[in-house]
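Peer 1: The structure follows.
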Amino acid sequence: MIKKSEDKASEYMLEKAEKECIDNAWIRFEEQQPQCSYGELGLCCRICVQGPCNVNPFGDSPKKGVCGATDYTIVARNLVRMIASGSACHSDHGRHIALTLLAMTEGRAKDYKIKDEKKLRYIAKRIGLNAEKPILELAREVSLKALEDFSRQTDEYCIWASSFLTKRRVEFLQSHSVFPTNIDRSIAEVFHRTAMGNDADPVPIIFGGIKSAIGDYNGMHIATDLTDVLFGTPKLTKATANLGVIKKDAINIAIHGHNPLLSEVVVDVAEEMQEEAKKIAKEGINVVGVCCTGNEVLMRKGVSLAANSASQELVLMTGAIEVMVVDVQCIVPSCSNLCQCYHTKLISTMPTVRIPGDTHIEFHEENAKESAREIVKIAINNFKNRNQSLIDIPDIKNTTIVGFSLEQIKELFSKFNKDSPIQYLVDNLKNGTLKGVCLFAGCNDQKVIQDYGHITIAKEMARNNVLLISTGCAAGAFAKNGLMSIEAVEKYAGDGLKKFLKEVANANNLEGLPLAWHLGSCVDNTRAMDLATEIAEHLNVDVHQIPYVATAAEDMHEKAVAIGTWCVALGLPVHVGTVPFIFGSPLITEIAEKTAKDVYGGYFIFEKNPEKASEKLLNILEYRRWKLGLDEDSGAYWTGTKYEKIGEIKLIEGEVVKSSFTYP
Ligand code: BF8
Ligand code: SF4
């Protein structure tokens, strides 16, 4: 069998699937080959019914669509529509949490309460409210402020992004007309301007996409913040990850999707119903997570993580899942077909995500516990319907240490500097113990070996003393494959990183810290940006200057395109390991790789090969260190493509951030 996954449990299940002819995404991916080259290049336009129109990428006819749209118009339109869709997903999730918080303050969501008052007061202060008010009143004000970011019709800017980014970044983005006043409007604007017969100029189209991406950041930040308020800000927690967390003798409930509003309650209700469940199954109820809902409850409740996105079908193939309950996003429709091969019930809960064959229990925050109870009961009753001969759970799982919210990170560092915890990290960056920080984000993508890109880059970064932080399915990859363990530090960390992690662990009386730090689900990428912002502020520079990079080695979803775009606009170099749909336009590719750097200081690095990507990311970190003057004595210089440690320091090619954006 060709290697399909770096994850041993996935490999085991895929071998079984091959032997038993069980349909799965890897098979369907093969069936899709060859995929449409026009689509892959971003050159297929089906925005109006005169299409689909294609543009010949080699310069021959056709050079334009029926309406006259050229390659750069078509590619730019397709790209920003992906960003807007990603932004819609994240921010709708954020809105749902804000509405629930509001409902709670009005007595309409009795099953929720404020778990983290301190965080609520911190957010209130940050967004300019009087944080001393009674807590319920304050929660109401904060939720209304959040909802304003979705509904404002004036020219005032969105509050969240204005309050959490560096002052100079905010001013810069506002002066460049890419700062949203209203998240929904930034999304609607993209669809308006890219509809047939509207904006054909790629530059304003891209700016519209960036505005929507900042809207994405804004909506995600709201989601993270208010989720922390309702369910608690994550703290260090031990858990286990990979398919081996599914238990043969338990009633297994898999929670899958992104929005923790129901899954948090399912976990609580399952606990309450344990005794009842133990009468049916020896080990009672076992809730396991899939994708980002999985990450949410892993971070806050230590619920085991069974799978990241590419292995979601493999969870069902164990034959031991009584119920898979899904909310929103990244739920493949094939889950339904797989459930029908076993006794598993697929329960959908959101009116916007129905899947043929599902059992629909519509979730309303007014009666969250009731819905959760109904779901858990279905799971208990379904245990008897198992076909024992189909049960096959690979005995593969890893211990993981998770829960690295920014608050938790600061608490760890506060043992060294109580007043300014991040200064400790900055000192370690300055003195070279750490070379930089690398955020591992994004998905699994059927186009590459599952988890291989994430893991290969992580090992190389760790060996070079880069602090690894992660979210989403990248974090899932590390959790499942043992990189979120103390043991991984000994195996993979360079001396500097080892020293740093041991020093922090010792100062906090911990037996150790994991090699890769789990910051949370995809919306929690805002935690990573908050960390970058604080590092920049401590160094009195902006994010585009700090030794901090991001990688989405296996990106797949439109949400990842939105996140990558705001990371770039906020100053981060972002590696992307799968081919984006932009290479059909040399102009758009140039904007993403080079012009963005001139304007925002962040830029995309498209590199399929993880080894080469590691080298590029390390070079960028070295380069930024050198530009900041952190390695003045190292005698290093930049060749334009590589950092050389010989001779005197020379500036050959600057990464100078200036507004040199010229109109094509
Ligand atoms: O929001 S990393 S595959 S599960 S999109 Fe989806 Fe991508 Fe996973 Fe989480 Ni994020
Ligand atoms: Fe073709 Fe233009 Fe319509 Fe696109 S908008 S499908 S290029 S006619």
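Starting from 1 in every chain, residues are counted up; chains themselves are A, B, ... following the order of the structure tokens, and ligands are numbered from 1 as listed.
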Need to verify the contact set: A:Glu365, 9 Å, only C-alpha atoms, exclusion of same-chain residues closer than 5 positions in sequence. Can you return it as number ranges by chain?
Peer 2: A: 100, 103-104, 108-112, 261-262
Peer 1: With a distance cut-off of 9 Å and only C-alpha atoms, select the neighbouring residues of A:Val466, excluding the residue or stretch itself and same-chain residues fewer than 3 positions from it, and output the selection as a count of residues only.
Peer 2: 16
Peer 1: List all protein, DNA and RNA residues that have any atom at most 6 Å from ligand 2, counting only C-alpha atoms and all ligand atoms, and write the list as a list of chain:residue names.
Peer 2: A:Cys45, A:Arg46, A:Ile47, A:Cys48, A:Gln50, A:Gly51, A:Pro52, A:Cys53, A:Gly65, A:Val66, A:Cys67, A:Ala69, A:Met196
Peer 1: Taking C-alpha atoms for each residue, export the selection above as an mmCIF file, in the first residue's frame.
Peer 2:
data_model
loop_
_atom_site.group_PDB
_atom_site.id
_atom_site.type_symbol
_atom_site.label_atom_id
_atom_site.label_comp_id
_atom_site.auth_asym_id
_atom_site.auth_seq_id
_atom_site.Cartn_x
_atom_site.Cartn_y
_atom_site.Cartn_z
ATOM 1 C CA CYS A 45 -14.918 31.110 -13.740
ATOM 2 C CA ARG A 46 -18.508 30.044 -13.183
ATOM 3 C CA ILE A 47 -19.633 33.206 -11.533
ATOM 4 C CA CYS A 48 -22.322 33.782 -14.162
ATOM 5 C CA GLN A 50 -22.500 32.319 -19.501
ATOM 6 C CA GLY A 51 -19.648 30.250 -18.068
ATOM 7 C CA PRO A 52 -17.923 28.152 -17.041
ATOM 8 C CA CYS A 53 -15.198 30.184 -18.773
ATOM 9 C CA GLY A 65 -13.993 34.839 -20.486
ATOM 10 C CA VAL A 66 -17.184 35.660 -22.381
ATOM 11 C CA CYS A 67 -17.502 38.959 -20.465
ATOM 12 C CA ALA A 69 -12.542 38.904 -17.665
ATOM 13 C CA MET A 196 -20.525 39.414 -12.801
#
Peer 1: Can you work out which residues are within 8 Å of ligand 1, considering only C-alpha atoms and all ligand atoms, and then hand them over as number ranges by chain?
Peer 2: A: 257-258, 290-293, 308-310, 329-330, 441-445, 471-474, 521-523, 555-560
Peer 1: Go through A:Thr578, A:Ser371, A:Thr224, A:Ser186 and flag the residue nearest A:Pro610, using only C-alpha atoms for the distances.
Peer 2: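 The closest residue to A:Pro610 is A:Thr578.
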Peer 1: From a DSSP calculation on the backbone, collect every residue of stretch 210-299 of chain A in strand (DSSP E) and output the set as a PyMOL selection string.
Peer 2: chain A and resi 237-241+251-257+285-290
Peer 1: Can you pull out every residue within 6 Å of stretch 211-214 of chain A, counting only C-alpha atoms, but drop anything in the same chain fewer than 5 positions away, and send it as a PyMOL selection string?
Peer 2: chain A and resi 84+178-180+186-187+562+566
Peer 1: Selected residues, N, CA and C atoms, written as a tab-separated table (two decimals), in the first residue's frame, please.
Peer 2:
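Result went into result_3.tsv, see below:
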chain	number	residue	atom	x	y	z
A	84	ALA	N	-13.84	34.96	1.83
A	84	ALA	CA	-15.12	35.40	2.41
A	84	ALA	C	-15.90	34.22	2.98
A	178	VAL	N	-8.38	48.55	4.51
A	178	VAL	CA	-8.66	47.11	4.57
A	178	VAL	C	-9.14	46.69	5.97
A	179	PHE	N	-9.62	47.66	6.72
A	179	PHE	CA	-10.09	47.37	8.07
A	179	PHE	C	-11.61	47.38	8.07
A	180	PRO	N	-12.24	46.30	8.50
A	180	PRO	CA	-13.71	46.24	8.41
A	180	PRO	C	-14.41	47.10	9.47
A	186	SER	N	-18.23	43.06	5.34
A	186	SER	CA	-16.98	42.77	4.62
A	186	SER	C	-17.15	41.51	3.77
A	187	ILE	N	-17.96	40.58	4.26
A	187	ILE	CA	-18.21	39.34	3.49
A	187	ILE	C	-19.15	39.65	2.32
A	562	ALA	N	-8.64	32.02	4.66
A	562	ALA	CA	-8.94	33.27	5.37
A	562	ALA	C	-7.91	33.52	6.47
A	566	TRP	N	-5.20	36.71	6.84
A	566	TRP	CA	-5.04	37.72	7.91
A	566	TRP	C	-3.68	37.60	8.58
Peer 1: Write out as an MDAnalysis selection string each polymer residue whose atoms come within 12 Å of A:Asp225, counting only C-alpha atoms; drop sequence neighbours fewer than 3 positions from it.
Peer 2: chainID A and resid 94:95 97:98 101 114:124 126:127 139 142:143 146 160 164 218:222 228:234 405:407 523:527 530
Peer 1: If you run DSSP on this backbone, which residues of stretch 51-104 of chain A come out as helix (DSSP H, G or I), and could you give them as number ranges by chain?
Peer 2: A: 71-104
Peer 1: Save the residues we just selected, N, CA and C atoms, as a short mmCIF file (atom, residue, chain, number, x, y, z; two decimals), in the first residue's frame?
Peer 2:
data_model
loop_
_atom_site.label_atom_id
_atom_site.label_comp_id
_atom_site.auth_asym_id
_atom_site.auth_seq_id
_atom_site.Cartn_x
_atom_site.Cartn_y
_atom_site.Cartn_z
N ASP A 71 -7.21 36.58 -16.81
CA ASP A 71 -6.74 35.65 -15.77
C ASP A 71 -6.72 36.28 -14.38
N TYR A 72 -6.15 37.51 -14.29
CA TYR A 72 -6.01 38.06 -12.93
C TYR A 72 -7.36 38.40 -12.29
N THR A 73 -8.33 38.78 -13.12
CA THR A 73 -9.66 39.07 -12.55
C THR A 73 -10.29 37.77 -12.03
N ILE A 74 -10.21 36.73 -12.86
CA ILE A 74 -10.85 35.47 -12.49
C ILE A 74 -10.18 34.87 -11.26
N VAL A 75 -8.84 34.85 -11.26
CA VAL A 75 -8.12 34.27 -10.11
C VAL A 75 -8.40 35.07 -8.85
N ALA A 76 -8.34 36.40 -8.95
CA ALA A 76 -8.58 37.24 -7.76
C ALA A 76 -9.99 37.04 -7.23
N ARG A 77 -10.96 37.00 -8.13
CA ARG A 77 -12.36 36.82 -7.68
C ARG A 77 -12.52 35.47 -6.97
N ASN A 78 -11.98 34.42 -7.59
CA ASN A 78 -12.12 33.10 -6.97
C ASN A 78 -11.45 33.06 -5.59
N LEU A 79 -10.28 33.69 -5.51
CA LEU A 79 -9.53 33.67 -4.24
C LEU A 79 -10.30 34.39 -3.13
N VAL A 80 -10.76 35.59 -3.42
CA VAL A 80 -11.40 36.34 -2.33
C VAL A 80 -12.75 35.72 -1.94
N ARG A 81 -13.37 35.03 -2.87
CA ARG A 81 -14.60 34.32 -2.49
C ARG A 81 -14.30 33.18 -1.51
N MET A 82 -13.14 32.57 -1.66
CA MET A 82 -12.74 31.55 -0.67
C MET A 82 -12.53 32.21 0.70
N ILE A 83 -11.86 33.36 0.68
CA ILE A 83 -11.60 34.05 1.95
C ILE A 83 -12.93 34.41 2.63
N ALA A 84 -13.84 34.96 1.83
CA ALA A 84 -15.12 35.40 2.41
C ALA A 84 -15.90 34.22 2.98
N SER A 85 -15.82 33.07 2.30
CA SER A 85 -16.52 31.89 2.80
C SER A 85 -15.91 31.43 4.13
N GLY A 86 -14.58 31.43 4.19
CA GLY A 86 -13.91 31.06 5.44
C GLY A 86 -14.29 32.01 6.56
N SER A 87 -14.33 33.28 6.21
CA SER A 87 -14.67 34.30 7.20
C SER A 87 -16.12 34.10 7.69
N ALA A 88 -16.99 33.73 6.77
CA ALA A 88 -18.40 33.49 7.15
C ALA A 88 -18.48 32.35 8.16
N CYS A 89 -17.70 31.28 7.92
CA CYS A 89 -17.74 30.12 8.84
C CYS A 89 -17.32 30.54 10.25
N HIS A 90 -16.14 31.14 10.34
CA HIS A 90 -15.61 31.48 11.68
C HIS A 90 -16.47 32.51 12.39
N SER A 91 -16.89 33.53 11.62
CA SER A 91 -17.56 34.62 12.32
C SER A 91 -18.99 34.23 12.68
N ASP A 92 -19.62 33.38 11.89
CA ASP A 92 -20.95 32.90 12.26
C ASP A 92 -20.86 32.10 13.56
N HIS A 93 -19.82 31.34 13.67
CA HIS A 93 -19.54 30.60 14.91
C HIS A 93 -19.38 31.61 16.07
N GLY A 94 -18.59 32.67 15.84
CA GLY A 94 -18.40 33.70 16.88
C GLY A 94 -19.71 34.36 17.27
N ARG A 95 -20.54 34.63 16.25
CA ARG A 95 -21.84 35.27 16.52
C ARG A 95 -22.71 34.37 17.40
N HIS A 96 -22.69 33.08 17.08
CA HIS A 96 -23.51 32.13 17.84
C HIS A 96 -23.12 32.15 19.32
N ILE A 97 -21.83 32.20 19.58
CA ILE A 97 -21.37 32.23 20.98
C ILE A 97 -21.82 33.56 21.63
N ALA A 98 -21.69 34.66 20.88
CA ALA A 98 -22.09 35.97 21.44
C ALA A 98 -23.59 35.98 21.74
N LEU A 99 -24.39 35.41 20.83
CA LEU A 99 -25.84 35.38 21.05
C LEU A 99 -26.17 34.52 22.27
N THR A 100 -25.41 33.45 22.45
CA THR A 100 -25.67 32.58 23.61
C THR A 100 -25.32 33.29 24.91
N LEU A 101 -24.19 34.02 24.89
CA LEU A 101 -23.82 34.78 26.09
C LEU A 101 -24.92 35.80 26.41
N LEU A 102 -25.41 36.46 25.37
CA LEU A 102 -26.48 37.44 25.57
C LEU A 102 -27.73 36.75 26.13
N ALA A 103 -28.09 35.62 25.52
CA ALA A 103 -29.27 34.89 25.98
C ALA A 103 -29.11 34.49 27.45
N MET A 104 -27.89 34.11 27.81
CA MET A 104 -27.64 33.72 29.20
C MET A 104 -27.91 34.90 30.15
#
Peer 1: Using only C-alpha atoms, determine which residues lie at most 8 Å from A:Phe583, disregarding the query and same-chain residues fewer than 4 positions distant; provide the list as number ranges by chain.
Peer 2: A: 41-42, 588-589
Peer 1: For each of A:Ile205, A:Leu439, A:Met299, A:Ile251, take the minimum atom-to-atom distance to A:Asn382, counting only C-alpha atoms, then give the residue where this is smallest.
Peer 2: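 Residue with the minimum atom-to-atom distance to A:Asn382: A:Ile251.
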Peer 1: Interatomic distance between atom CA of A:Phe150 and atom CA of A:Asn182?
Peer 2: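 That distance, rounded to one decimal, is 5.0 Å.
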Peer 1: By how many Å are atom CA of A:Gly59 and atom CA of A:Thr194 apart?
Peer 2: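 These two atoms are separated by 23.7 Å.
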Peer 1: If we count only C-alpha atoms and set the cut-off at 6 Å, which residues sit around stretch 417-432 of chain A, ignoring sequence neighbours fewer than 4 positions away in its own chain? Please answer as a count of residues only.
Peer 2: 3
Peer 1: Can you check which parts of stretch 557-598 of chain A lie within 12 Å of stretch 446-456 of chain A? Per residue, the shortest pair of atoms and distance in Å to one decimal, counting only C-alpha atoms, sorted by chain and number, as JSON lines.
Peer 2:
{"residue": "A:His557", "atom": "CA", "partner": "A:Gln446", "partner_atom": "CA", "distance": 11.4}
{"residue": "A:His575", "atom": "CA", "partner": "A:Gly453", "partner_atom": "CA", "distance": 11.1}
{"residue": "A:Val576", "atom": "CA", "partner": "A:Gly453", "partner_atom": "CA", "distance": 10.2}
{"residue": "A:Gly577", "atom": "CA", "partner": "A:Gly453", "partner_atom": "CA", "distance": 7.6}
{"residue": "A:Thr578", "atom": "CA", "partner": "A:Lys447", "partner_atom": "CA", "distance": 7.5}
{"residue": "A:Val579", "atom": "CA", "partner": "A:Lys447", "partner_atom": "CA", "distance": 9.4}
{"residue": "A:Pro580", "atom": "CA", "partner": "A:Lys447", "partner_atom": "CA", "distance": 11.9}
Peer 1: In Å, how far is it from atom CA of A:Lys279 to atom CA of A:Ile255?
Peer 2: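 Value for the atom CA of A:Lys279-atom CA of A:Ile255 distance: 22.6 Å.
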Peer 1: With a distance cut-off of 9 Å and only C-alpha atoms, select the neighbouring residues of A:Val543, excluding the residue or stretch itself and same-chain residues fewer than 3 positions from it, and output the selection as a list in words.
Peer 2: Thr166, Arg169, Met529, Ala532, Thr533, Glu534, Ile535, Ala536, Glu537, Ile546, Pro547, Tyr548, Leu570, Gly571, Leu572, Gly601 and Gly602 of chain A
Peer 1: Could you check the closest approach to A:Ala241 for each of A:Asp327, A:Asp23, A:Glu490, A:Asp395 and tell me which residue wins, using only C-alpha atoms?
Peer 2: A:Asp395
Peer 1: With only C-alpha atoms as the basis for distance, which of A:Phe207, A:Tyr217, A:Phe191, A:Tyr600 is at the shortest distance from A:Cys158?
Peer 2: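 With only C-alpha atoms as the atom set, the closest residue is A:Tyr217.
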Peer 1: Kindly indicate which residue among A:Glu137, A:Asp201, A:Glu374, A:Glu276 lies nearest to A:Ile361, using only C-alpha atoms for the distances.
Peer 2: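 Using only C-alpha atoms, A:Ile361 sits closest to A:Glu374.
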